[in-house]
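**Student:** Here you go, one structure.
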Amino acid sequence: MLKLPYINLLYRMLAKYFDYMATTPVHPDVLEEMSRYLSSDQLFANPDSQHLLGRIACHELSTFSKRFCSLLGSPNARVVWTSGASESVNLALKGAATQYRHAGRHIISWNTEHSATLESLRSLEAQGYIVTLLPVRSNGLIDLDAFAAAIRQDTTLVSICHVHNELGCIQPIDMIADLCAERGVLLHVDCAQSIGKAPLHLHPGIHFASFSAHKCYGPKGIGALVMTDPNRKISKLIDGGKQQYNLRSGTIPLYLIAGFVCAVEMAIKRYDERQASIRSLFQLFIDKLDARISWNGCVQMRTPYNINICMPKNIHTNQLDELKQTYSLSSHAACNPHMTSHVLDAIQRSPAEQARCLRISLGLHSDQTTVLDLIAQINALVHVNA
């Protein structure tokens, strides 16, 4: 049992945590749900075992899979449980490209995609596939006309991020899905940041959607690839057993899936309530940030959970370091070890500008008092260097 002073310290730290797009803390209800499965003397068995306890675990797994797909508005879909969104992206892109290579080897994506997508595409290029990486507009949104013009007769696959992990932009995935359906092209959507941050109802033209639990108050180490057509075939990545429709070998961690589904259910059930609260905090940044501070990414077509800004050129980067440590801020995605970001490169931010960028992401423990304090400190840096 945690002692009260430690709990109070933890809550004070969480109030100043503004890196929710990197990861979220596990929600207490999710932890309780996982603990129930971890401590059960009936729900620990391997779901692929043929004895009674195995069949009980298999029934639980099937129930979770149906609940998960139904929550996404695609009750007849097939879900493959993975280790996270990166694995799901790899499985979708490499699995689909390999399976349908006879139909064409041309793949379309964008230059601001997550590294899991870009590195998967580089791997496919090395195998002889042709990849077109389209530029985004300066506001981070895609150009639909340019996309339509890029589709060729041999285009078999398109990959796009729904809610962007750095810029917070929300791409028009339904319009993209309609276009892909008209042209007979498979569509993968990276939905790692979608749950709880934007409305999501899987369009039937979205063939593959990848998800991650730790972006929505679930545990790390569990993700999902949803295939809206349960009969769709793709090639597997991992050799081993024949679990999960022979698409993903390995013993299935039922307790992690239980936590994931619990987190998704809470996010969807409380979406409107949380959205109203977060939008009011987001509006504070709109209204109160110094006018000399510029935004990265479209301000209108974005999740209110994300604020990405560039400080004026008279700000010294060492002045931002203390702010980043105090409020757990970042300049770009945590998965990027470099000083600059390919995403900020894509929207024409120079290396010097990128050093002055801040990604602020809101979440469950964000409150008005702390947000106002953060805004005041950001503005103070601008004023003192004016």
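By order in the structure tokens, chains are A, B, ...; within a chain, residues start at 1; ligands start at 1, following the order shown.
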Any idea what's packed within 7 Å of stretch 285-295 of chain A, counting only C-alpha atoms, ignoring anything in its chain fewer than 6 positions away? Could you give it as a ChimeraX atom specification?
**Tutor:** /A:308-312,375,379
**Student:** Could the residues in this selection be saved with C-alpha atoms as a PDB file, in the first residue's frame?
**Tutor:**
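As a result, selection15.pdb now contains:
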```pdb
ATOM      1  CA  ASN A 308       2.584  22.102 -30.777  1.00  0.00           C
ATOM      2  CA  ILE A 309       4.238  25.519 -30.834  1.00  0.00           C
ATOM      3  CA  CYS A 310       7.401  27.303 -31.945  1.00  0.00           C
ATOM      4  CA  MET A 311       8.863  29.942 -29.680  1.00  0.00           C
ATOM      5  CA  PRO A 312      10.239  33.238 -31.109  1.00  0.00           C
ATOM      6  CA  ILE A 375       1.163  29.238 -20.185  1.00  0.00           C
ATOM      7  CA  ASN A 379       4.832  33.754 -21.987  1.00  0.00           C
TER       8      ASN A 379
END
```
**Student:** For stretch 115-207 of chain A versus stretch 22-43 of chain A, which residues have an atom no more than 12 Å away, and what is each residue's nearest atom pair and distance in Å rounded to one decimal, using only C-alpha atoms, chain-then-number order, as a tab-separated table?
**Tutor:**
```
residue	atom	partner	partner_atom	distance
A:His164	CA	A:Ala22	CA	11.6
A:Asn165	CA	A:Ala22	CA	7.9
A:Glu166	CA	A:Ala22	CA	9.1
A:Ala192	CA	A:Ala22	CA	10.7
A:Gln193	CA	A:Ala22	CA	9.5
A:Gly196	CA	A:Thr24	CA	11.8
```
**Student:** Can you tell me how far atom CA of A:Leu256 sits from atom CA of A:Lys94, in Å to one decimal?
**Tutor:** 25.0 Å
**Student:** Run DSSP on the backbone and tell me which residues of stretch 12-244 of chain A come out as alpha helix (DSSP H); list them as an mmCIF file with N, CA and C atoms, in the first residue's frame.
**Tutor:**
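Final output, states_19.cif:
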```cif
data_model
loop_
_atom_site.group_PDB
_atom_site.id
_atom_site.type_symbol
_atom_site.label_atom_id
_atom_site.label_comp_id
_atom_site.auth_asym_id
_atom_site.auth_seq_id
_atom_site.Cartn_x
_atom_site.Cartn_y
_atom_site.Cartn_z
ATOM 1 N N ARG A 12 0.927 15.370 -7.700
ATOM 2 C CA ARG A 12 1.523 16.649 -8.069
ATOM 3 C C ARG A 12 2.384 16.502 -9.323
ATOM 4 N N MET A 13 3.086 15.367 -9.421
ATOM 5 C CA MET A 13 3.901 15.113 -10.606
ATOM 6 C C MET A 13 3.021 14.913 -11.838
ATOM 7 N N LEU A 14 1.923 14.168 -11.675
ATOM 8 C CA LEU A 14 1.025 13.919 -12.795
ATOM 9 C C LEU A 14 0.352 15.197 -13.262
ATOM 10 N N ALA A 15 0.057 16.110 -12.332
ATOM 11 C CA ALA A 15 -0.562 17.383 -12.714
ATOM 12 C C ALA A 15 0.349 18.180 -13.636
ATOM 13 N N PRO A 28 -6.292 3.454 -12.954
ATOM 14 C CA PRO A 28 -6.539 2.526 -11.836
ATOM 15 C C PRO A 28 -7.565 1.445 -12.166
ATOM 16 N N ASP A 29 -8.606 1.783 -12.932
ATOM 17 C CA ASP A 29 -9.611 0.773 -13.305
ATOM 18 C C ASP A 29 -9.024 -0.281 -14.227
ATOM 19 N N VAL A 30 -8.113 0.139 -15.087
ATOM 20 C CA VAL A 30 -7.428 -0.801 -15.983
ATOM 21 C C VAL A 30 -6.527 -1.725 -15.171
ATOM 22 N N LEU A 31 -5.805 -1.150 -14.220
ATOM 23 C CA LEU A 31 -4.929 -1.944 -13.355
ATOM 24 C C LEU A 31 -5.729 -2.974 -12.567
ATOM 25 N N GLU A 32 -6.901 -2.553 -12.071
ATOM 26 C CA GLU A 32 -7.758 -3.478 -11.318
ATOM 27 C C GLU A 32 -8.237 -4.618 -12.201
ATOM 28 N N GLU A 33 -8.605 -4.288 -13.445
ATOM 29 C CA GLU A 33 -9.071 -5.316 -14.379
ATOM 30 C C GLU A 33 -7.950 -6.305 -14.701
ATOM 31 N N MET A 34 -6.750 -5.807 -14.935
ATOM 32 C CA MET A 34 -5.630 -6.698 -15.218
ATOM 33 C C MET A 34 -5.291 -7.568 -14.012
ATOM 34 N N SER A 35 -5.359 -6.976 -12.823
ATOM 35 C CA SER A 35 -5.049 -7.716 -11.599
ATOM 36 C C SER A 35 -6.019 -8.866 -11.401
ATOM 37 N N ARG A 36 -7.266 -8.631 -11.794
ATOM 38 C CA ARG A 36 -8.277 -9.691 -11.654
ATOM 39 C C ARG A 36 -7.893 -10.910 -12.499
ATOM 40 N N TYR A 37 -7.353 -10.667 -13.675
ATOM 41 C CA TYR A 37 -6.948 -11.771 -14.543
ATOM 42 C C TYR A 37 -5.634 -12.390 -14.078
ATOM 43 N N LEU A 38 -4.728 -11.567 -13.589
ATOM 44 C CA LEU A 38 -3.443 -12.086 -13.133
ATOM 45 C C LEU A 38 -3.584 -12.944 -11.875
ATOM 46 N N SER A 39 -4.546 -12.624 -11.033
ATOM 47 C CA SER A 39 -4.701 -13.333 -9.762
ATOM 48 C C SER A 39 -5.709 -14.470 -9.833
ATOM 49 N N LEU A 52 -10.128 -27.808 -20.199
ATOM 50 C CA LEU A 52 -11.209 -26.933 -19.759
ATOM 51 C C LEU A 52 -10.730 -25.511 -19.473
ATOM 52 N N LEU A 53 -9.613 -25.372 -18.717
ATOM 53 C CA LEU A 53 -9.137 -24.036 -18.397
ATOM 54 C C LEU A 53 -8.691 -23.286 -19.660
ATOM 55 N N GLY A 54 -8.136 -24.002 -20.608
ATOM 56 C CA GLY A 54 -7.767 -23.391 -21.880
ATOM 57 C C GLY A 54 -8.986 -22.897 -22.638
ATOM 58 N N ARG A 55 -10.064 -23.700 -22.601
ATOM 59 C CA ARG A 55 -11.294 -23.296 -23.301
ATOM 60 C C ARG A 55 -11.942 -22.091 -22.627
ATOM 61 N N ILE A 56 -11.834 -22.011 -21.292
ATOM 62 C CA ILE A 56 -12.355 -20.841 -20.573
ATOM 63 C C ILE A 56 -11.589 -19.585 -21.003
ATOM 64 N N ALA A 57 -10.269 -19.701 -21.059
ATOM 65 C CA ALA A 57 -9.440 -18.564 -21.488
ATOM 66 C C ALA A 57 -9.732 -18.191 -22.940
ATOM 67 N N CYS A 58 -9.952 -19.188 -23.778
ATOM 68 C CA CYS A 58 -10.258 -18.953 -25.184
ATOM 69 C C CYS A 58 -11.588 -18.210 -25.329
ATOM 70 N N HIS A 59 -12.564 -18.578 -24.506
ATOM 71 C CA HIS A 59 -13.866 -17.897 -24.530
ATOM 72 C C HIS A 59 -13.704 -16.434 -24.129
ATOM 73 N N GLU A 60 -12.889 -16.179 -23.104
ATOM 74 C CA GLU A 60 -12.638 -14.796 -22.681
ATOM 75 C C GLU A 60 -11.980 -14.008 -23.807
ATOM 76 N N LEU A 61 -11.008 -14.618 -24.458
ATOM 77 C CA LEU A 61 -10.307 -13.956 -25.553
ATOM 78 C C LEU A 61 -11.278 -13.606 -26.681
ATOM 79 N N SER A 62 -12.132 -14.541 -27.040
ATOM 80 C CA SER A 62 -13.106 -14.302 -28.101
ATOM 81 C C SER A 62 -14.052 -13.161 -27.736
ATOM 82 N N THR A 63 -14.467 -13.120 -26.467
ATOM 83 C CA THR A 63 -15.350 -12.056 -25.996
ATOM 84 C C THR A 63 -14.672 -10.701 -26.092
ATOM 85 N N PHE A 64 -13.400 -10.648 -25.662
ATOM 86 C CA PHE A 64 -12.655 -9.389 -25.742
ATOM 87 C C PHE A 64 -12.515 -8.922 -27.188
ATOM 88 N N SER A 65 -12.220 -9.855 -28.089
ATOM 89 C CA SER A 65 -12.035 -9.500 -29.499
ATOM 90 C C SER A 65 -13.317 -8.912 -30.088
ATOM 91 N N LYS A 66 -14.450 -9.535 -29.775
ATOM 92 C CA LYS A 66 -15.733 -9.030 -30.281
ATOM 93 C C LYS A 66 -16.057 -7.664 -29.689
ATOM 94 N N ARG A 67 -15.808 -7.486 -28.398
ATOM 95 C CA ARG A 67 -16.071 -6.195 -27.753
ATOM 96 C C ARG A 67 -15.210 -5.102 -28.363
ATOM 97 N N PHE A 68 -13.951 -5.410 -28.579
ATOM 98 C CA PHE A 68 -13.013 -4.423 -29.121
ATOM 99 C C PHE A 68 -13.464 -3.959 -30.506
ATOM 100 N N CYS A 69 -13.774 -4.887 -31.378
ATOM 101 C CA CYS A 69 -14.186 -4.524 -32.740
ATOM 102 C C CYS A 69 -15.519 -3.786 -32.744
ATOM 103 N N SER A 70 -16.427 -4.187 -31.868
ATOM 104 C CA SER A 70 -17.718 -3.504 -31.780
ATOM 105 C C SER A 70 -17.543 -2.062 -31.323
ATOM 106 N N LEU A 71 -16.623 -1.825 -30.391
ATOM 107 C CA LEU A 71 -16.363 -0.475 -29.916
ATOM 108 C C LEU A 71 -15.869 0.428 -31.042
ATOM 109 N N ALA A 85 1.535 -0.874 -31.405
ATOM 110 C CA ALA A 85 1.204 -0.328 -32.719
ATOM 111 C C ALA A 85 2.327 -0.527 -33.728
ATOM 112 N N SER A 86 3.589 -0.460 -33.282
ATOM 113 C CA SER A 86 4.699 -0.639 -34.230
ATOM 114 C C SER A 86 4.644 -2.007 -34.890
ATOM 115 N N GLU A 87 4.394 -3.035 -34.092
ATOM 116 C CA GLU A 87 4.269 -4.376 -34.678
ATOM 117 C C GLU A 87 3.055 -4.454 -35.583
ATOM 118 N N SER A 88 1.956 -3.839 -35.161
ATOM 119 C CA SER A 88 0.737 -3.863 -35.973
ATOM 120 C C SER A 88 0.956 -3.199 -37.320
ATOM 121 N N VAL A 89 1.654 -2.068 -37.325
ATOM 122 C CA VAL A 89 1.969 -1.367 -38.577
ATOM 123 C C VAL A 89 2.828 -2.261 -39.469
ATOM 124 N N ASN A 90 3.861 -2.861 -38.897
ATOM 125 C CA ASN A 90 4.729 -3.759 -39.658
ATOM 126 C C ASN A 90 3.942 -4.915 -40.261
ATOM 127 N N LEU A 91 3.072 -5.516 -39.455
ATOM 128 C CA LEU A 91 2.283 -6.655 -39.935
ATOM 129 C C LEU A 91 1.354 -6.236 -41.060
ATOM 130 N N ALA A 92 0.697 -5.085 -40.909
ATOM 131 C CA ALA A 92 -0.233 -4.624 -41.935
ATOM 132 C C ALA A 92 0.489 -4.328 -43.247
ATOM 133 N N LEU A 93 1.564 -3.542 -43.178
ATOM 134 C CA LEU A 93 2.228 -3.101 -44.403
ATOM 135 C C LEU A 93 3.003 -4.230 -45.078
ATOM 136 N N LYS A 94 3.829 -4.910 -44.313
ATOM 137 C CA LYS A 94 4.625 -5.982 -44.912
ATOM 138 C C LYS A 94 3.745 -7.178 -45.267
ATOM 139 N N GLY A 95 2.777 -7.469 -44.386
ATOM 140 C CA GLY A 95 1.892 -8.603 -44.639
ATOM 141 C C GLY A 95 1.031 -8.406 -45.865
ATOM 142 N N ALA A 96 0.463 -7.194 -46.033
ATOM 143 C CA ALA A 96 -0.390 -6.920 -47.189
ATOM 144 C C ALA A 96 0.433 -6.795 -48.467
ATOM 145 N N ALA A 97 1.575 -6.107 -48.391
ATOM 146 C CA ALA A 97 2.417 -5.935 -49.579
ATOM 147 C C ALA A 97 2.877 -7.279 -50.127
ATOM 148 N N THR A 98 3.271 -8.170 -49.229
ATOM 149 C CA THR A 98 3.737 -9.496 -49.647
ATOM 150 C C THR A 98 2.599 -10.329 -50.217
ATOM 151 N N GLN A 99 1.462 -10.304 -49.545
ATOM 152 C CA GLN A 99 0.324 -11.116 -49.968
ATOM 153 C C GLN A 99 -0.199 -10.707 -51.347
ATOM 154 N N SER A 115 7.635 6.648 -37.563
ATOM 155 C CA SER A 115 8.819 5.891 -37.987
ATOM 156 C C SER A 115 8.507 4.415 -38.219
ATOM 157 N N ALA A 116 7.511 3.865 -37.521
ATOM 158 C CA ALA A 116 7.146 2.461 -37.757
ATOM 159 C C ALA A 116 6.678 2.263 -39.199
ATOM 160 N N THR A 117 5.951 3.236 -39.713
ATOM 161 C CA THR A 117 5.494 3.181 -41.101
ATOM 162 C C THR A 117 6.655 3.429 -42.061
ATOM 163 N N LEU A 118 7.404 4.485 -41.823
ATOM 164 C CA LEU A 118 8.482 4.844 -42.751
ATOM 165 C C LEU A 118 9.563 3.777 -42.825
ATOM 166 N N GLU A 119 9.927 3.199 -41.687
ATOM 167 C CA GLU A 119 10.961 2.150 -41.693
ATOM 168 C C GLU A 119 10.437 0.868 -42.335
ATOM 169 N N SER A 120 9.157 0.558 -42.135
ATOM 170 C CA SER A 120 8.562 -0.607 -42.812
ATOM 171 C C SER A 120 8.598 -0.414 -44.321
ATOM 172 N N LEU A 121 8.301 0.811 -44.771
ATOM 173 C CA LEU A 121 8.307 1.094 -46.204
ATOM 174 C C LEU A 121 9.723 1.049 -46.775
ATOM 175 N N ARG A 122 10.707 1.510 -45.997
ATOM 176 C CA ARG A 122 12.097 1.413 -46.455
ATOM 177 C C ARG A 122 12.501 -0.048 -46.620
ATOM 178 N N SER A 123 12.048 -0.877 -45.697
ATOM 179 C CA SER A 123 12.344 -2.308 -45.790
ATOM 180 C C SER A 123 11.719 -2.906 -47.054
ATOM 181 N N LEU A 124 10.500 -2.485 -47.351
ATOM 182 C CA LEU A 124 9.831 -2.989 -48.555
ATOM 183 C C LEU A 124 10.508 -2.470 -49.820
ATOM 184 N N GLU A 125 10.976 -1.227 -49.785
ATOM 185 C CA GLU A 125 11.708 -0.685 -50.941
ATOM 186 C C GLU A 125 12.943 -1.523 -51.241
ATOM 187 N N ALA A 126 13.624 -1.970 -50.195
ATOM 188 C CA ALA A 126 14.829 -2.787 -50.372
ATOM 189 C C ALA A 126 14.510 -4.123 -51.013
ATOM 190 N N LEU A 144 -5.587 16.146 -50.863
ATOM 191 C CA LEU A 144 -6.376 15.044 -51.428
ATOM 192 C C LEU A 144 -6.231 14.956 -52.944
ATOM 193 N N ASP A 145 -6.143 16.099 -53.622
ATOM 194 C CA ASP A 145 -5.987 16.074 -55.079
ATOM 195 C C ASP A 145 -4.645 15.464 -55.472
ATOM 196 N N ALA A 146 -3.592 15.824 -54.740
ATOM 197 C CA ALA A 146 -2.268 15.257 -55.020
ATOM 198 C C ALA A 146 -2.269 13.751 -54.756
ATOM 199 N N PHE A 147 -2.996 13.344 -53.711
ATOM 200 C CA PHE A 147 -3.104 11.924 -53.405
ATOM 201 C C PHE A 147 -3.806 11.180 -54.536
ATOM 202 N N ALA A 148 -4.932 11.721 -54.996
ATOM 203 C CA ALA A 148 -5.683 11.070 -56.073
ATOM 204 C C ALA A 148 -4.823 10.938 -57.327
ATOM 205 N N ALA A 149 -4.031 11.980 -57.605
ATOM 206 C CA ALA A 149 -3.182 11.959 -58.799
ATOM 207 C C ALA A 149 -2.038 10.957 -58.675
ATOM 208 N N ALA A 150 -1.652 10.628 -57.442
ATOM 209 C CA ALA A 150 -0.522 9.716 -57.226
ATOM 210 C C ALA A 150 -0.905 8.243 -57.366
ATOM 211 N N ILE A 173 -9.795 10.706 -42.891
ATOM 212 C CA ILE A 173 -9.632 9.295 -43.277
ATOM 213 C C ILE A 173 -10.859 8.740 -44.001
ATOM 214 N N ASP A 174 -12.051 9.262 -43.729
ATOM 215 C CA ASP A 174 -13.232 8.770 -44.453
ATOM 216 C C ASP A 174 -13.149 9.140 -45.932
ATOM 217 N N MET A 175 -12.693 10.352 -46.232
ATOM 218 C CA MET A 175 -12.537 10.771 -47.627
ATOM 219 C C MET A 175 -11.436 9.971 -48.312
ATOM 220 N N ILE A 176 -10.370 9.698 -47.569
ATOM 221 C CA ILE A 176 -9.282 8.870 -48.109
ATOM 222 C C ILE A 176 -9.794 7.463 -48.376
ATOM 223 N N ALA A 177 -10.596 6.928 -47.445
ATOM 224 C CA ALA A 177 -11.151 5.577 -47.603
ATOM 225 C C ALA A 177 -12.085 5.501 -48.807
ATOM 226 N N ASP A 178 -12.895 6.535 -49.006
ATOM 227 C CA ASP A 178 -13.788 6.551 -50.175
ATOM 228 C C ASP A 178 -12.986 6.506 -51.469
ATOM 229 N N LEU A 179 -11.925 7.289 -51.521
ATOM 230 C CA LEU A 179 -11.094 7.338 -52.722
ATOM 231 C C LEU A 179 -10.401 6.002 -52.964
ATOM 232 N N CYS A 180 -9.896 5.390 -51.894
ATOM 233 C CA CYS A 180 -9.248 4.083 -52.032
ATOM 234 C C CYS A 180 -10.245 3.024 -52.508
ATOM 235 N N ALA A 181 -11.462 3.084 -51.977
ATOM 236 C CA ALA A 181 -12.495 2.120 -52.376
ATOM 237 C C ALA A 181 -12.835 2.281 -53.862
ATOM 238 N N GLU A 182 -12.925 3.533 -54.327
ATOM 239 C CA GLU A 182 -13.223 3.790 -55.744
ATOM 240 C C GLU A 182 -12.136 3.233 -56.654
ATOM 241 N N ARG A 183 -10.893 3.293 -56.184
ATOM 242 C CA ARG A 183 -9.758 2.890 -57.031
ATOM 243 C C ARG A 183 -9.283 1.473 -56.747
ATOM 244 N N GLN A 243 -1.092 -19.583 -33.777
ATOM 245 C CA GLN A 243 -2.059 -18.790 -33.050
ATOM 246 C C GLN A 243 -2.595 -17.639 -33.907
ATOM 247 N N GLN A 244 -3.755 -17.151 -33.506
ATOM 248 C CA GLN A 244 -4.379 -15.971 -34.121
ATOM 249 C C GLN A 244 -4.476 -16.091 -35.645
#
```
**Student:** Can you tell me which residues surround stretch 209-214 of chain A at a distance of at most 10 Å, considering only C-alpha atoms, apart from same-chain residues fewer than 2 positions away, and format the answer as a ChimeraX atom specification?
**Tutor:** /A:20-26,79-92,159-162,187-195,202,206-207,216-228,256-257,259-264
**Student:** Tell me which of A:Ile252, A:Leu186, A:Ile378, A:Leu364 sits closest to A:Asp48, counting only C-alpha atoms.
**Tutor:**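 Distance minimum relative to A:Asp48 lands on A:Ile252.
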**Student:** Residues of stretch 62-298 of chain A classed as strand (DSSP E or B) by DSSP on the backbone are to be reported as a ChimeraX atom specification.
**Tutor:** /A:78-82,106-110,130-134,155-161,163,169-170,186-190,208-212,223-227,294-295
**Student:** At a cut-off of 12 Å, using only C-alpha atoms, what residues contact A:Asp321? Leave out same-chain residues fewer than 6 positions from it and give the result as a VMD selection string.
**Tutor:** chain A and resid 315 327 to 331 355 to 358 378 381
**Student:** Quick one: of A:Asn306, A:Gln127, A:Asn314, A:Thr370, who's nearest to A:Val384, counting only C-alpha atoms?
**Tutor:**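 Ranked by minimum distance to A:Val384, first place goes to A:Asn314.
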